[in-house]
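Student: Dropping in upload04.txt, with compact mmCIF, C-alpha atoms.
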```
# COMPACT_ATOMS: atom_id res chain seq x y z
CA MET A 47 2.59 -29.01 -9.12
CA LEU A 48 2.23 -25.52 -10.62
CA VAL A 49 -1.21 -25.14 -9.01
CA ALA A 50 0.25 -25.96 -5.59
CA ALA A 51 3.09 -23.47 -6.05
CA VAL A 52 0.66 -20.72 -7.07
CA ALA A 53 -1.58 -21.49 -4.09
CA VAL A 54 1.35 -21.27 -1.66
CA PHE A 55 2.56 -18.03 -3.22
CA ALA A 56 -0.90 -16.45 -3.19
CA SER A 57 -1.57 -17.45 0.40
CA GLY A 58 1.47 -15.48 1.53
CA CYS A 59 0.38 -12.25 -0.14
CA GLY A 60 -1.30 -9.48 1.74
CA GLY A 61 0.60 -9.13 4.94
CA PRO A 62 0.37 -11.07 8.14
CA GLY A 63 -3.17 -11.80 9.25
CA ALA A 64 -4.92 -10.54 6.11
CA VAL A 65 -8.14 -12.38 5.31
CA ALA A 66 -10.75 -11.98 2.58
CA VAL A 67 -13.76 -10.00 3.80
CA ASP A 68 -17.08 -9.28 2.10
CA PRO A 69 -16.76 -5.67 0.86
CA ASP A 70 -20.39 -4.95 1.83
CA GLY A 71 -19.39 -5.32 5.49
CA LEU A 72 -16.47 -2.88 5.31
CA PRO A 73 -18.04 0.62 5.20
CA GLY A 74 -17.64 2.48 8.47
CA THR A 75 -15.05 4.38 10.49
CA TYR A 76 -11.83 2.66 11.51
CA ARG A 77 -9.70 4.35 14.19
CA ASP A 78 -6.32 3.84 15.80
CA GLY A 79 -6.92 4.05 19.56
CA GLU A 80 -3.47 5.44 20.28
CA THR A 81 -3.18 8.22 17.67
CA GLY A 82 -6.83 8.88 16.85
CA GLY A 83 -6.04 8.57 13.12
CA GLU A 84 -9.03 7.46 11.06
CA ILE A 85 -9.96 5.89 7.77
CA ARG A 86 -13.62 6.17 6.80
CA LEU A 87 -14.95 3.87 4.10
CA HIS A 88 -18.25 5.23 2.77
CA VAL A 89 -20.95 3.05 1.20
CA ASN A 90 -20.75 5.04 -2.06
CA GLY A 91 -17.13 3.96 -2.70
CA ARG A 92 -15.54 7.11 -1.29
CA PHE A 93 -13.07 7.23 1.61
CA SER A 94 -11.39 9.81 3.83
CA VAL A 95 -8.14 9.62 5.79
CA THR A 96 -7.48 11.94 8.73
CA GLY A 97 -4.57 12.15 11.13
CA ILE A 98 -2.52 9.22 9.83
CA SER A 99 1.26 9.45 9.51
CA GLU A 100 2.81 9.32 6.04
CA SER A 101 5.10 6.52 7.26
CA ASP A 102 2.06 4.39 8.13
CA LEU A 103 0.78 4.74 4.55
CA TRP A 104 3.94 4.59 2.41
CA TRP A 105 7.23 2.83 3.09
CA HIS A 106 9.11 6.01 2.12
CA GLY A 107 6.82 8.42 4.02
CA GLY A 108 7.80 10.85 6.73
CA SER A 109 6.35 11.54 10.16
CA ALA A 110 3.91 14.26 9.03
CA SER A 111 0.21 13.58 9.51
CA VAL A 112 -1.92 13.64 6.34
CA ASP A 113 -5.60 14.13 5.50
CA PHE A 114 -7.05 13.26 2.08
CA ASP A 115 -10.04 11.75 0.26
CA GLY A 116 -10.53 9.41 -2.65
CA THR A 117 -12.24 6.26 -3.83
CA TRP A 118 -11.95 2.72 -2.51
CA SER A 119 -12.59 -0.59 -4.21
CA ALA A 120 -12.41 -4.27 -3.39
CA THR A 121 -13.59 -7.60 -4.68
CA SER A 122 -15.36 -10.25 -2.65
CA HIS A 123 -12.28 -12.50 -2.73
CA SER A 124 -9.67 -9.88 -1.86
CA ASN A 125 -7.80 -9.50 1.41
CA PHE A 126 -7.26 -5.79 0.89
CA VAL A 127 -9.03 -2.66 -0.26
CA TYR A 128 -7.45 -0.27 -2.78
CA LEU A 129 -7.51 3.33 -1.58
CA GLU A 130 -7.06 5.66 -4.55
CA PRO A 131 -6.41 9.27 -3.43
CA ASP A 132 -8.04 12.07 -5.45
CA ASP A 133 -5.21 14.58 -5.42
CA THR A 134 -1.51 14.94 -4.86
CA SER A 135 0.11 16.01 -1.61
CA GLY A 136 2.93 18.50 -1.72
CA GLY A 137 3.30 17.99 -5.47
CA GLN A 138 3.91 14.25 -5.05
CA ASP A 139 1.71 11.53 -6.48
CA LEU A 140 0.28 9.65 -3.51
CA GLY A 141 -0.33 6.43 -5.45
CA ASP A 142 -2.71 3.67 -4.45
CA ILE A 143 -2.69 2.37 -0.88
CA GLN A 144 -3.56 -1.17 0.12
CA LEU A 145 -5.68 -1.32 3.27
CA TYR A 146 -5.60 -4.94 4.43
CA THR A 147 -8.58 -6.61 6.06
CA ALA A 148 -8.13 -8.76 9.14
CA SER A 149 -11.91 -8.97 9.74
CA PRO A 150 -14.95 -6.75 9.11
CA GLU A 151 -13.97 -5.04 12.40
CA LYS A 152 -10.21 -4.64 11.92
CA VAL A 153 -7.99 -3.33 9.11
CA PHE A 154 -4.28 -2.59 8.90
CA LEU A 155 -1.61 -0.90 6.82
CA HIS A 156 1.46 -2.80 5.66
CA PRO A 157 3.24 -0.63 3.06
CA ASP A 158 6.58 -2.48 3.08
CA VAL A 159 6.09 -6.19 2.36
CA ASP A 160 9.43 -6.90 4.03
CA GLY A 161 8.63 -4.77 7.07
CA PRO A 162 6.11 -4.85 9.91
CA VAL A 163 2.49 -3.80 9.91
CA THR A 164 2.60 -0.03 10.48
CA LEU A 165 -0.89 0.68 11.84
CA GLU A 166 -3.93 -1.30 12.96
CA LEU A 167 -7.35 0.31 13.03
CA ALA A 168 -10.52 -0.98 14.69
CA LYS A 169 -14.04 -0.28 13.45
CA VAL A 170 -15.78 2.22 15.71
CA THR A 171 -18.90 3.01 13.67
CA ASN A 172 -20.92 1.57 10.83
CA PRO A 173 -22.30 3.76 8.03
```
Kindly transcribe the structure held in the file into structure tokens.

Tutor:
Amino acid sequence: MLVAAVAVFASGCGGPGAVAVDPDGLPGTYRDGETGGEIRLHVNGRFSVTGISESDLWWHGGSASVDFDGTWSATSHSNFVYLEPDDTSGGQDLGDIQLYTASPEKVFLHPDVDGPVTLELAKVTNP
């Protein structure tokens, strides 16, 4: 009974449409076709974010566009990638960001578990 309850709970985590993806297939550039915002996952475990709204990244963010770098990590059984920014922005700690995987070709941001997906990005290049 407990195993079934844990399985049901775990299956609901990660936002709508999140699926486990092999991390080796994730490096590349993901872009939002409407805004041009990008997240680049590099093979060496580094990432860069350019032109993405704060509100797409954090449930309490504003409308300003942000650019920053950091490290990313995932496990082979995870349905998201942790983005860990290097620095702070405007004196505020950015905190970790969960970038959810819908497939090796599509990722999305879902900062408020009770709210909608804020941004979907499609893979446009491989490393």

Student: Considering all atoms listed in the file, state which residue in the set A:Glu100, A:Arg77, A:Pro69, A:Gly107 is at the smallest distance from A:Val127.

Tutor: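 Using all atoms listed in the file, the shortest distance to A:Val127 belongs to A:Pro69.
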
Student: Might you pull out every residue within 8 Å of A:Asp132, with only C-alpha atoms counted and same-chain residues fewer than 5 positions away left off, and present them as a list of chain:residue names?

Tutor: A:Phe114, A:Asp115, A:Gly116, A:Thr117

Student: Stretch 104-109 of chain A, all listed atoms, 8 Å padding on each side: what axis-aligned box centre and edge lengths in Å to one decimal come out, as AutoDock Vina command-line options?

Tutor:
```
--center_x 6.5 --center_y 7.2 --center_z 6.1 --size_x 21.2 --size_y 24.7 --size_z 24.0
```

Student: In Å, with one decimal, what is the gap from atom CA of A:Gly83 to atom CA of A:Ile98?

Tutor: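 Result for atom CA of A:Gly83 versus atom CA of A:Ile98: 4.9 Å, one decimal.
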
Student: Write out as a PyMOL selection string each polymer residue whose atoms come within 8 Å of stretch 169-173 of chain A, counting all atoms listed in the file; drop sequence neighbours fewer than 4 positions from it.

Tutor: chain A and resi 73-77+88-89+150-152

Student: Just how far from atom CA of A:Val112 is atom CA of A:Leu87, in Å to one decimal?

Tutor: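 The value is 16.4 Å.
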
Student: Could you state the separation of atom CA of A:Val65 and atom CA of A:Leu167 in Å, given to one decimal place?

Tutor: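 For atom CA of A:Val65 relative to atom CA of A:Leu167, the distance reads 14.9 Å.
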